[in-house]
file input22.cif (mmCIF, C-alpha atoms)
data_start
#
loop_
_atom_site.label_atom_id
_atom_site.label_comp_id
_atom_site.auth_asym_id
_atom_site.auth_seq_id
_atom_site.Cartn_x
_atom_site.Cartn_y
_atom_site.Cartn_z
CA MET A 189 12.00 -4.73 -20.56
CA GLU A 190 15.58 -5.47 -19.70
CA GLU A 191 16.87 -3.39 -22.59
CA TYR A 192 15.65 -0.18 -21.04
CA ALA A 193 18.81 1.84 -21.02
CA ARG A 194 17.48 4.83 -19.18
CA GLU A 195 16.81 5.19 -15.50
CA PRO A 196 13.19 4.63 -14.68
CA CYS A 197 13.01 7.19 -11.99
CA PRO A 198 11.89 10.64 -12.96
CA TRP A 199 9.77 9.35 -15.82
CA ARG A 200 8.10 6.84 -13.55
CA ILE A 201 6.35 9.71 -11.81
CA VAL A 202 4.50 10.69 -14.95
CA ASP A 203 3.70 7.06 -15.66
CA ASP A 204 2.26 6.47 -12.23
CA CYS A 205 0.32 9.73 -12.20
CA GLY A 206 -1.29 8.97 -15.53
CA GLY A 207 -2.01 5.38 -14.63
CA ALA A 208 -3.66 6.41 -11.38
CA PHE A 209 -5.77 9.01 -13.17
CA THR A 210 -6.98 6.44 -15.67
CA MET A 211 -7.83 4.01 -12.92
CA GLY A 212 -9.73 6.67 -11.04
CA VAL A 213 -11.69 7.83 -14.04
CA ILE A 214 -12.67 4.36 -15.15
CA GLY A 215 -13.46 3.03 -11.69
CA GLY A 216 -15.15 6.23 -10.61
CA GLY A 217 -17.05 6.35 -13.88
CA VAL A 218 -18.49 2.88 -13.36
CA PHE A 219 -19.44 3.56 -9.76
CA GLN A 220 -20.96 6.95 -10.47
CA ALA A 221 -22.88 5.61 -13.44
CA ILE A 222 -24.53 3.00 -11.25
CA LYS A 223 -25.10 5.48 -8.46
CA GLY A 224 -26.54 8.11 -10.78
CA PHE A 225 -28.77 5.51 -12.32
CA ARG A 226 -30.15 4.45 -8.97
CA ASN A 227 -30.62 7.92 -7.56
CA ALA A 228 -32.56 9.25 -10.52
CA PRO A 229 -36.35 9.47 -10.80
CA VAL A 230 -38.27 6.59 -12.32
CA GLY A 231 -38.20 6.40 -16.08
CA ILE A 232 -35.37 5.17 -18.20
CA ARG A 233 -34.57 8.53 -19.77
CA HIS A 234 -34.32 10.23 -16.40
CA ARG A 235 -32.13 7.45 -15.16
CA PHE A 236 -29.75 7.67 -18.07
CA ARG A 237 -29.55 11.40 -17.77
CA GLY A 238 -28.89 11.12 -14.06
CA SER A 239 -26.24 8.52 -14.70
CA VAL A 240 -24.48 10.59 -17.35
CA ASN A 241 -24.62 13.69 -15.17
CA ALA A 242 -23.14 11.90 -12.21
CA VAL A 243 -20.32 10.52 -14.33
CA ARG A 244 -19.66 13.88 -15.96
CA ILE A 245 -19.40 15.66 -12.66
CA ARG A 246 -17.77 13.17 -10.35
CA ALA A 247 -15.56 10.93 -12.46
CA PRO A 248 -12.92 13.59 -13.25
CA GLN A 249 -12.83 14.57 -9.56
CA ILE A 250 -12.20 10.98 -8.51
CA GLY A 251 -9.61 10.60 -11.27
CA GLY A 252 -7.95 13.77 -10.08
CA SER A 253 -7.66 12.66 -6.49
CA PHE A 254 -6.29 9.29 -7.57
CA ALA A 255 -3.78 11.06 -9.79
CA VAL A 256 -2.66 13.25 -6.91
CA TRP A 257 -2.19 10.19 -4.74
CA GLY A 258 -0.27 8.32 -7.42
CA GLY A 259 1.89 11.24 -8.42
CA LEU A 260 2.80 12.13 -4.86
CA PHE A 261 3.53 8.52 -4.01
CA SER A 262 5.81 8.09 -6.98
CA THR A 263 7.61 11.36 -6.29
CA ILE A 264 8.35 10.41 -2.70
CA ASP A 265 9.38 6.93 -3.85
CA CYS A 266 11.87 8.28 -6.37
CA GLY A 267 13.13 10.73 -3.78
CA LEU A 268 13.77 7.91 -1.31
CA VAL A 269 15.51 5.82 -3.96
CA ARG A 270 17.79 8.73 -4.70
CA LEU A 271 18.42 9.32 -1.02
CA ARG A 272 19.05 5.75 0.10
CA GLY A 273 20.72 4.56 -3.06
CA LYS A 274 18.95 1.22 -3.22
CA GLU A 275 15.58 -0.03 -4.35
CA ASP A 276 13.69 -1.89 -1.68
CA PRO A 277 10.15 -2.66 -0.58
CA TRP A 278 10.83 -0.33 2.34
CA ASN A 279 10.77 2.60 -0.08
CA SER A 280 7.23 1.78 -1.14
CA ILE A 281 5.90 1.39 2.37
CA THR A 282 7.48 4.60 3.60
CA SER A 283 6.26 6.46 0.52
CA GLY A 284 2.73 5.24 1.11
CA ALA A 285 2.84 6.38 4.71
CA LEU A 286 4.24 9.80 3.83
CA THR A 287 1.71 10.25 1.03
CA GLY A 288 -1.13 9.50 3.41
CA ALA A 289 0.29 11.93 5.93
CA VAL A 290 0.77 14.75 3.42
CA LEU A 291 -2.70 14.36 1.95
CA ALA A 292 -4.29 14.55 5.40
CA ALA A 293 -2.21 17.58 6.42
CA ARG A 294 -5.23 19.84 6.49
CA SER A 295 -6.88 17.87 9.25
CA GLY A 296 -4.19 18.18 11.88
CA PRO A 297 -1.42 15.97 13.23
CA LEU A 298 -3.57 13.17 14.63
CA ALA A 299 -5.35 12.69 11.32
CA MET A 300 -1.98 12.73 9.61
CA VAL A 301 -0.71 9.90 11.79
CA GLY A 302 -3.83 7.85 11.17
CA SER A 303 -3.71 8.44 7.46
CA ALA A 304 -0.01 7.62 7.39
CA MET A 305 -0.66 4.30 9.09
CA MET A 306 -3.43 3.48 6.65
CA GLY A 307 -1.26 4.37 3.68
CA GLY A 308 1.65 2.35 5.00
CA ILE A 309 -0.46 -0.72 5.69
CA LEU A 310 -2.13 -0.46 2.30
CA LEU A 311 1.21 -0.31 0.55
CA ALA A 312 2.55 -3.17 2.66
CA LEU A 313 -0.39 -5.29 1.52
CA ILE A 314 0.18 -4.34 -2.10
CA GLU A 315 3.87 -5.19 -1.79
CA GLY A 316 2.94 -8.50 -0.19
CA VAL A 317 0.69 -9.33 -3.12
CA GLY A 318 3.44 -8.38 -5.54
CA ILE A 319 6.00 -10.54 -3.78
CA LEU A 320 3.67 -13.52 -3.62
CA LEU A 321 2.82 -13.22 -7.28
CA THR A 322 6.46 -12.96 -8.33
CA ARG A 323 7.53 -15.90 -6.22
CA TYR A 324 4.73 -18.20 -7.30
CA THR A 325 4.90 -17.42 -10.98
CA ALA A 326 8.64 -17.93 -10.88
CA GLN A 327 8.29 -21.23 -9.10
CA GLN A 328 6.21 -22.55 -11.93
CA PHE A 329 9.16 -22.33 -14.25
CA ARG A 330 11.63 -24.01 -11.98
CA ASN A 331 12.69 -27.59 -12.72
CA ALA A 332 14.25 -29.95 -10.21
CA PRO A 333 16.56 -28.16 -7.76
CA PRO A 334 19.81 -27.80 -9.62
CA PHE A 335 23.18 -28.74 -8.36
CA LEU A 336 25.15 -25.56 -8.30
CA GLU A 337 28.86 -25.30 -8.20
CA ASP A 338 30.78 -22.36 -6.96
CA PRO A 339 31.16 -19.77 -9.70
CA SER A 340 34.39 -19.83 -11.61
CA GLN A 341 35.12 -16.21 -10.86
CA LEU A 342 36.29 -17.37 -7.46
CA ASN A 343 39.44 -19.38 -7.32
CA PRO A 344 38.79 -22.84 -5.91
CA LYS A 345 38.90 -22.47 -2.15
CA GLU A 346 41.31 -19.55 -2.21
CA GLY A 347 40.94 -15.83 -1.85
CA ALA A 348 42.47 -14.46 -5.02
CA PRO A 349 40.10 -13.45 -7.79
CA ALA A 350 40.30 -15.50 -10.95
CA PRO A 351 39.34 -14.03 -14.29
CA GLY A 352 37.13 -16.22 -16.38
CA TYR A 353 33.63 -16.09 -17.67
CA GLY A 354 31.02 -17.03 -15.18
CA ASN A 355 28.90 -20.08 -15.64
CA TYR A 356 25.42 -18.81 -16.03
CA GLN A 357 23.03 -20.27 -13.53
CA GLN A 358 19.29 -20.33 -13.70
CA TYR A 359 18.11 -17.57 -11.42
CA HIS A 360 14.55 -16.56 -11.02
CA MET B 59 -16.11 38.91 12.24
CA ILE B 60 -19.66 38.19 11.33
CA CYS B 61 -19.05 34.52 11.32
CA GLY B 62 -17.58 34.63 14.79
CA PHE B 63 -20.73 36.29 15.93
CA LEU B 64 -22.81 33.72 14.14
CA ARG B 65 -20.78 30.97 15.75
CA VAL B 66 -21.43 32.40 19.20
CA VAL B 67 -25.10 32.57 18.47
CA GLN B 68 -25.13 29.00 17.26
CA ARG B 69 -23.47 27.90 20.47
CA MET B 70 -26.27 29.66 22.31
CA GLU B 71 -28.70 27.66 20.26
CA LYS B 72 -27.29 24.52 21.76
CA LEU B 73 -28.31 25.63 25.25
CA PRO B 74 -30.98 23.35 26.62
CA GLY B 75 -34.27 24.93 27.13
CA SER B 76 -36.38 27.15 25.02
CA LEU B 77 -34.30 30.29 25.56
CA GLY B 78 -31.98 29.67 22.65
CA ARG B 79 -34.73 28.57 20.35
CA GLN B 80 -36.80 31.60 20.96
CA LEU B 81 -34.08 34.09 20.25
CA PHE B 82 -33.38 33.20 16.62
CA PRO B 83 -34.93 30.87 14.12
CA HIS B 84 -32.17 28.39 13.81
CA PHE B 85 -32.73 27.41 10.22
CA VAL B 86 -31.93 30.93 9.04
CA LEU B 87 -28.85 30.89 11.21
CA THR B 88 -27.57 27.63 9.83
CA LYS B 89 -28.03 28.79 6.27
CA ALA B 90 -26.27 32.07 7.01
CA CYS B 91 -23.36 30.24 8.55
CA LEU B 92 -23.19 27.94 5.59
CA LYS B 93 -22.98 30.87 3.24
CA THR B 94 -20.14 32.60 5.02
CA GLN B 95 -17.94 29.61 5.67
CA PRO B 96 -19.25 26.93 3.39
CA LEU B 97 -16.41 24.50 3.53
CA ARG B 98 -15.86 24.33 7.26
CA TRP B 99 -19.50 24.33 8.23
CA GLY B 100 -20.26 21.89 5.49
CA LEU B 101 -17.79 19.52 7.07
CA LEU B 102 -19.23 20.18 10.51
CA GLU B 103 -22.74 19.51 9.27
CA GLN B 104 -21.60 16.40 7.52
CA LYS B 105 -20.28 14.91 10.69
CA LYS B 106 -23.65 15.17 12.31
CA ILE B 107 -25.86 13.83 9.56
CA VAL B 108 -27.03 10.31 10.06
CA HIS B 109 -27.45 8.38 6.87
CA PRO B 110 -30.59 6.35 6.30
CA ARG B 111 -30.17 2.84 7.51
CA THR B 112 -32.25 -0.26 7.33
CA VAL B 113 -33.28 -1.57 10.68
CA LEU B 114 -35.01 -4.92 10.62
CA GLY B 115 -36.31 -4.34 7.14
CA PHE B 116 -37.86 -0.90 7.55
CA THR B 117 -35.76 1.83 5.97
CA GLN B 118 -35.68 4.80 8.25
CA LYS B 119 -35.26 7.83 6.06
CA THR B 120 -34.48 10.30 8.76
CA PHE B 121 -32.30 13.25 7.82
CA TRP B 122 -31.97 15.04 11.10
CA THR B 123 -28.94 16.90 12.32
CA GLN B 124 -27.94 17.01 15.93
CA GLY B 125 -26.06 20.26 15.65
CA PRO B 126 -28.48 23.12 15.91
CA ASP B 127 -30.94 21.52 18.29
CA PRO B 128 -29.69 18.51 20.15
CA GLN B 129 -32.53 18.22 22.59
CA LYS B 130 -35.24 18.30 19.98
CA ALA B 131 -33.28 15.78 17.97
CA LYS B 132 -32.88 13.58 21.01
CA GLU B 133 -36.62 13.62 21.58
CA ASP B 134 -37.10 12.74 17.93
CA SER B 135 -34.64 9.91 18.15
CA SER B 136 -36.23 8.47 21.24
CA LYS B 137 -39.58 8.72 19.51
CA GLN B 138 -38.12 6.98 16.49
CA VAL B 139 -36.62 4.25 18.59
CA SER B 140 -39.78 3.78 20.58
CA ILE B 141 -41.85 3.57 17.41
CA SER B 142 -39.61 0.97 15.88
CA ARG B 143 -39.51 -0.94 19.14
CA ASN B 144 -43.30 -0.94 19.30
CA GLN B 145 -43.51 -2.21 15.77
CA ARG B 146 -40.96 -4.87 16.48
CA GLY B 147 -42.81 -5.99 19.60
CA GLU B 148 -46.06 -6.38 17.76
CA THR B 149 -44.82 -8.83 15.12
CA ALA B 150 -43.28 -11.77 16.92
CA VAL B 151 -39.93 -12.88 15.63
CA SER B 152 -40.67 -16.20 14.02
CA THR B 153 -38.27 -19.08 13.85
CA SER B 154 -37.76 -18.72 10.12
CA GLN B 155 -36.71 -15.13 10.61
CA LYS B 156 -34.33 -16.17 13.33
CA VAL B 157 -32.84 -18.80 11.06
CA LYS B 158 -32.45 -16.27 8.27
CA GLU B 159 -30.78 -13.85 10.67
CA ALA B 160 -28.45 -16.53 11.88
CA GLY B 161 -27.65 -17.53 8.31
CA ARG B 162 -26.90 -13.96 7.36
CA ASP B 163 -24.73 -13.44 10.41
CA PHE B 164 -22.93 -16.65 9.65
CA THR B 165 -22.17 -15.61 6.06
CA TYR B 166 -20.93 -12.27 7.30
CA LEU B 167 -18.72 -14.04 9.80
CA ILE B 168 -17.30 -16.27 7.09
CA VAL B 169 -16.59 -13.26 4.87
CA VAL B 170 -14.91 -11.42 7.71
CA LEU B 171 -12.77 -14.42 8.63
CA PHE B 172 -11.78 -14.86 5.00
CA GLY B 173 -10.76 -11.23 4.70
CA VAL B 174 -8.86 -11.28 7.98
CA SER B 175 -6.99 -14.44 7.02
CA ILE B 176 -5.99 -13.04 3.64
CA THR B 177 -4.83 -9.80 5.21
CA GLY B 178 -2.95 -11.72 7.86
CA GLY B 179 -1.27 -13.85 5.22
CA LEU B 180 -0.17 -10.83 3.24
CA LEU B 181 1.14 -9.06 6.32
CA TYR B 182 3.03 -12.19 7.32
CA THR B 183 4.59 -12.41 3.87
CA ILE B 184 5.76 -8.83 3.88
CA PHE B 185 7.00 -9.14 7.45
CA LYS B 186 9.00 -12.21 6.59
CA GLU B 187 10.37 -10.51 3.50
CA LEU B 188 11.52 -7.44 5.34
CA PHE B 189 12.78 -8.84 8.63
CA SER B 190 13.71 -12.50 8.43
CA SER B 191 17.37 -13.10 7.80
CA SER B 192 16.61 -15.72 5.16
CA SER B 193 14.87 -13.32 2.83
CA PRO B 194 16.69 -12.31 -0.36
CA ASN B 195 16.02 -8.65 0.28
CA ILE B 196 17.85 -8.73 3.58
CA ILE B 197 20.76 -10.57 2.00
CA TYR B 198 20.83 -8.00 -0.79
CA GLY B 199 20.85 -5.20 1.76
CA LYS B 200 23.73 -6.64 3.76
CA ALA B 201 25.75 -7.45 0.64
CA LEU B 202 25.19 -3.94 -0.69
CA GLU B 203 26.45 -2.46 2.56
CA LYS B 204 29.61 -4.52 2.32
CA CYS B 205 30.08 -3.46 -1.30
CA ARG B 206 29.71 0.17 -0.41
CA THR B 207 32.51 0.09 2.11
CA HIS B 208 34.92 -1.89 -0.04
CA PRO B 209 37.72 0.37 -1.30
CA GLU B 210 38.22 -1.35 -4.61
CA VAL B 211 34.55 -1.13 -5.49
CA ILE B 212 34.55 2.54 -4.61
CA SER B 213 37.57 3.15 -6.76
CA VAL B 214 36.03 1.42 -9.75
CA PHE B 215 32.51 2.77 -9.51
CA GLY B 216 32.81 5.99 -7.58
CA GLU B 217 30.78 7.01 -4.57
CA PRO B 218 27.95 6.75 -3.84
CA VAL B 219 27.21 3.23 -4.95
CA LYS B 220 23.59 2.39 -5.55
CA GLY B 221 22.05 -1.01 -6.02
CA TYR B 222 18.97 -2.39 -7.65
CA GLY B 223 17.44 -5.62 -8.82
CA GLU B 224 15.56 -6.84 -11.84
CA MET B 225 13.48 -4.45 -13.89
CA SER B 226 9.82 -5.26 -13.60
CA ARG B 227 7.03 -4.24 -15.94
CA ARG B 228 6.11 -1.06 -14.16
CA GLY B 229 9.68 0.15 -14.16
CA ARG B 230 10.37 -0.58 -10.51
CA ARG B 231 13.46 -2.57 -9.78
CA GLN B 232 12.78 -4.02 -6.40
CA HIS B 233 12.84 -7.68 -7.23
CA VAL B 234 16.22 -9.22 -6.54
CA SER B 235 16.79 -12.46 -8.38
CA PHE B 236 17.76 -15.33 -6.15
CA ILE B 237 17.89 -19.09 -6.05
CA GLU B 238 17.64 -21.46 -3.15
CA TYR B 239 19.24 -24.84 -2.98
CA SER B 240 20.73 -27.10 -0.39
CA LYS B 241 24.02 -28.87 -0.10
CA ASN B 242 25.12 -31.25 2.60
CA GLY B 243 21.76 -30.78 4.24
CA LEU B 244 22.21 -27.04 4.72
CA LYS B 245 20.17 -24.43 2.93
CA ARG B 246 21.96 -21.94 0.72
CA ILE B 247 20.66 -18.89 -1.08
CA ARG B 248 22.35 -17.23 -3.99
CA VAL B 249 21.49 -13.65 -4.83
CA LYS B 250 22.32 -11.52 -7.83
CA PHE B 251 21.87 -7.78 -8.14
CA TYR B 252 23.38 -4.83 -9.97
CA ILE B 253 25.36 -1.90 -8.74
CA GLU B 254 26.17 1.42 -10.26
CA GLY B 255 28.24 4.28 -9.08
CA SER B 256 28.82 7.85 -10.04
CA GLU B 257 31.11 6.82 -12.89
CA PRO B 258 28.87 7.04 -15.92
CA GLY B 259 28.14 3.89 -17.85
CA LYS B 260 29.74 1.44 -15.47
CA GLN B 261 27.41 -1.22 -14.23
CA GLY B 262 28.46 -4.22 -12.23
CA THR B 263 26.76 -7.43 -11.17
CA VAL B 264 27.16 -8.61 -7.62
CA HIS B 265 26.76 -12.27 -6.75
CA ALA B 266 26.38 -13.23 -3.11
CA GLU B 267 25.70 -16.49 -1.39
CA VAL B 268 24.70 -17.27 2.16
CA GLU B 269 24.57 -20.55 3.96
CA GLU B 270 22.56 -21.44 6.98
CA ASN B 271 24.55 -21.89 10.13
CA PRO B 272 23.05 -24.98 11.79
CA ARG B 273 23.89 -23.85 15.32
CA SER B 274 22.56 -20.32 15.31
CA GLY B 275 19.95 -20.63 12.57
CA GLN B 276 21.27 -17.42 11.01
CA PHE B 277 22.47 -17.10 7.49
CA GLU B 278 26.10 -16.19 6.96
CA PHE B 279 27.89 -15.10 3.85
CA ARG B 280 29.91 -17.60 1.98
CA TYR B 281 31.14 -15.26 -0.69
CA ILE B 282 30.41 -11.92 -2.26
CA PHE B 283 32.00 -10.80 -5.46
CA ALA B 284 31.33 -8.05 -7.96
CA GLU B 285 31.66 -8.67 -11.64
CA VAL B 286 32.74 -5.47 -13.30
CA SER B 287 33.20 -6.81 -16.78
CA PRO B 288 33.31 -10.31 -18.23
CA THR B 289 37.00 -10.44 -17.50
CA ARG B 290 37.25 -8.71 -14.17
CA SER B 291 35.78 -9.55 -10.81
CA ILE B 292 36.37 -7.99 -7.44
CA VAL B 293 36.13 -10.46 -4.60
CA ILE B 294 34.69 -8.71 -1.60
CA GLU B 295 34.39 -11.63 0.75
CA ASP B 296 35.27 -15.29 0.51
CA ASN B 297 34.47 -17.44 3.51
CA ARG B 298 34.20 -20.81 1.97
CA SER B 299 35.38 -23.51 4.25
CA GLN B 300 37.38 -26.37 2.90
CA GLU B 301 34.84 -29.16 2.94
CA SER B 302 32.03 -27.39 1.07
#
call {"tool": "encode", "arguments": {"input": "input22.cif", "output": "structure tokens"}}
result
Amino acid sequence: MEEYAREPCPWRIVDDCGGAFTMGVIGGGVFQAIKGFRNAPVGIRHRFRGSVNAVRIRAPQIGGSFAVWGGLFSTIDCGLVRLRGKEDPWNSITSGALTGAVLAARSGPLAMVGSAMMGGILLALIEGVGILLTRYTAQQFRNAPPFLEDPSQLNPKEGAPAPGYGNYQQYH
Amino acid sequence: MICGFLRVVQRMEKLPGSLGRQLFPHFVLTKACLKTQPLRWGLLEQKKIVHPRTVLGFTQKTFWTQGPDPQKAKEDSSKQVSISRNQRGETAVSTSQKVKEAGRDFTYLIVVLFGVSITGGLLYTIFKELFSSSSPNIIYGKALEKCRTHPEVISVFGEPVKGYGEMSRRGRRQHVSFIEYSKNGLKRIRVKFYIEGSEPGKQGTVHAEVEENPRSGQFEFRYIFAEVSPTRSIVIEDNRSQES
């Protein structure tokens, strides 16, 4: 959505928190349904009741912890963007590490370091996937390598700026 | 506190020998401890519970905790191990079972290698993206630094200057649009990103291009300029040599 006039940042936190909660509830619901089904006594009615109970009890908890993770991650991310002034993959990796550290704060400094490393590596992998996807889907649209001239905003081979509308090149 | 006392008593339980066991029935003690400090002891108990596992096809459903009575548990475990070993010794491991084991191990190995290679590939991608000098993100970072220290840019946009790339679906703007091409046998990369300052409503587009230096292998800037409006551009750097 290129026409988005407003800054994504503070509103992105709510977006990410809600998205994470939904993911947690749906994923947790499926897992707990299967688990409740299997751990119930024999008999289809018992199994369904066990399944529904497990989902009712555990799915909101899982959704809640996912939402906390997502919300905290997005908050730290927006904070870093504001602090550094540029948007980078480094922001995501550092946010993941800090989120892991903060959420393990109850278990002492060593657990915080371990959790930070796990969070950072997880986010690095997610960023890697994102970058690969963007590059490969963009490459599909590219034709033969174009011959690009220097933009007309620069004077030919001189230093002074030249006003003039830029020739629009095909970026991806 | 009561729980401190209970904790001391539980430590006494761990003493080898029958002395500890005779003094207090340890099940009552454990339950009492659990009631007073449920969370912490729950975690402690959790660490020592062994989950049922399947060893060679028999599922051992043993829920024993090592905490309150390690020696008794150790005897139990040795008994368990000796029982399973006896059972294993009685039925000879036939060739078909060995083949099945080998097949299973092989599939596990393949899965592990697959996972490791995918993880390695992803880590390599992100490493290259963040550290290699030919990655668009690095070029964007260096160009942004040069823009930030340029007096004309500061006067037009106001400090501090922040930069971002293309808006993606989730609202994150990390992707910097770029294009790679080559001229005269040397690789060039052109990068485009946006900058904004503290002046409200003013947004500029920065175009930067690097060319590969054949001697050092590093990428050096050919030009950087900021387009403030369709009619005005600020040239920040222009290093084009005459023959290009």
call {"tool": "resolve_selection", "arguments": {"input": "input22.cif", "expression": "the PyMOL selection byres ((chain A and resi 302) around 12)", "output": "PyMOL selection string"}}
result
chain A and resi 285-293+295-301+303-309
call {"tool": "interface_residues", "arguments": {"input": "input22.cif", "of": "chain B", "to": "chain A", "cutoff": "7 Å", "atoms": "only C-alpha atoms", "output": "mmCIF file with C-alpha atoms, in the frame of the given file"}}
result
data_model
loop_
_atom_site.group_PDB
_atom_site.id
_atom_site.type_symbol
_atom_site.label_atom_id
_atom_site.label_comp_id
_atom_site.auth_asym_id
_atom_site.auth_seq_id
_atom_site.Cartn_x
_atom_site.Cartn_y
_atom_site.Cartn_z
ATOM 1 C CA LEU B 180 -0.170 -10.830 3.240
ATOM 2 C CA LEU B 181 1.140 -9.060 6.320
ATOM 3 C CA THR B 183 4.590 -12.410 3.870
ATOM 4 C CA ILE B 184 5.760 -8.830 3.880
ATOM 5 C CA VAL B 219 27.210 3.230 -4.950
ATOM 6 C CA LYS B 220 23.590 2.390 -5.550
ATOM 7 C CA GLY B 221 22.050 -1.010 -6.020
ATOM 8 C CA TYR B 222 18.970 -2.390 -7.650
ATOM 9 C CA MET B 225 13.480 -4.450 -13.890
ATOM 10 C CA ARG B 227 7.030 -4.240 -15.940
ATOM 11 C CA GLY B 229 9.680 0.150 -14.160
ATOM 12 C CA ARG B 231 13.460 -2.570 -9.780
ATOM 13 C CA GLN B 232 12.780 -4.020 -6.400
ATOM 14 C CA SER B 235 16.790 -12.460 -8.380
ATOM 15 C CA PHE B 236 17.760 -15.330 -6.150
ATOM 16 C CA ILE B 237 17.890 -19.090 -6.050
ATOM 17 C CA TYR B 239 19.240 -24.840 -2.980
ATOM 18 C CA PRO B 288 33.310 -10.310 -18.230
ATOM 19 C CA THR B 289 37.000 -10.440 -17.500
ATOM 20 C CA ARG B 290 37.250 -8.710 -14.170
ATOM 21 C CA SER B 291 35.780 -9.550 -10.810
ATOM 22 C CA ILE B 292 36.370 -7.990 -7.440
ATOM 23 C CA VAL B 293 36.130 -10.460 -4.600
ATOM 24 C CA ASP B 296 35.270 -15.290 0.510
ATOM 25 C CA ARG B 298 34.200 -20.810 1.970
ATOM 26 C CA GLN B 300 37.380 -26.370 2.900
#
call {"tool": "resolve_selection", "arguments": {"input": "input22.cif", "expression": "the PyMOL selection byres ((chain A and resi 206) around 10)", "output": "MDAnalysis selection string"}}
result
chainID A and resid 200:205 207:212 251:252 254:256 258:259
call {"tool": "atom_distance", "arguments": {"input": "input22.cif", "atom1": "atom CA of Arg248 of chain B", "atom2": "atom CA of Ile196 of chain B"}}
result
12.2 Å
call {"tool": "atom_distance", "arguments": {"input": "input22.cif", "atom1": "atom CA of Glu187 of chain B", "atom2": "atom CA of Gly267 of chain A"}}
result
22.6 Å
call {"tool": "resolve_selection", "arguments": {"input": "input22.cif", "expression": "the PyMOL selection byres ((chain B and resi 282) around 7)", "output": "number ranges by chain"}}
result
B: 265-267, 281, 283-284, 293-296
call {"tool": "atom_distance", "arguments": {"input": "input22.cif", "atom1": "atom CA of Asn195 of chain B", "atom2": "atom CA of Gly223 of chain B"}}
result
9.7 Å
call {"tool": "residues_around", "arguments": {"input": "input22.cif", "residues": "Pro218 of chain B", "least_positions_apart": "4", "cutoff": "9 Å", "atoms": "all atoms listed in the file", "output": "list in words"}}
result
Gly273 of chain A; Arg206, Ile212, Glu254, Gly255 and Ser256 of chain B
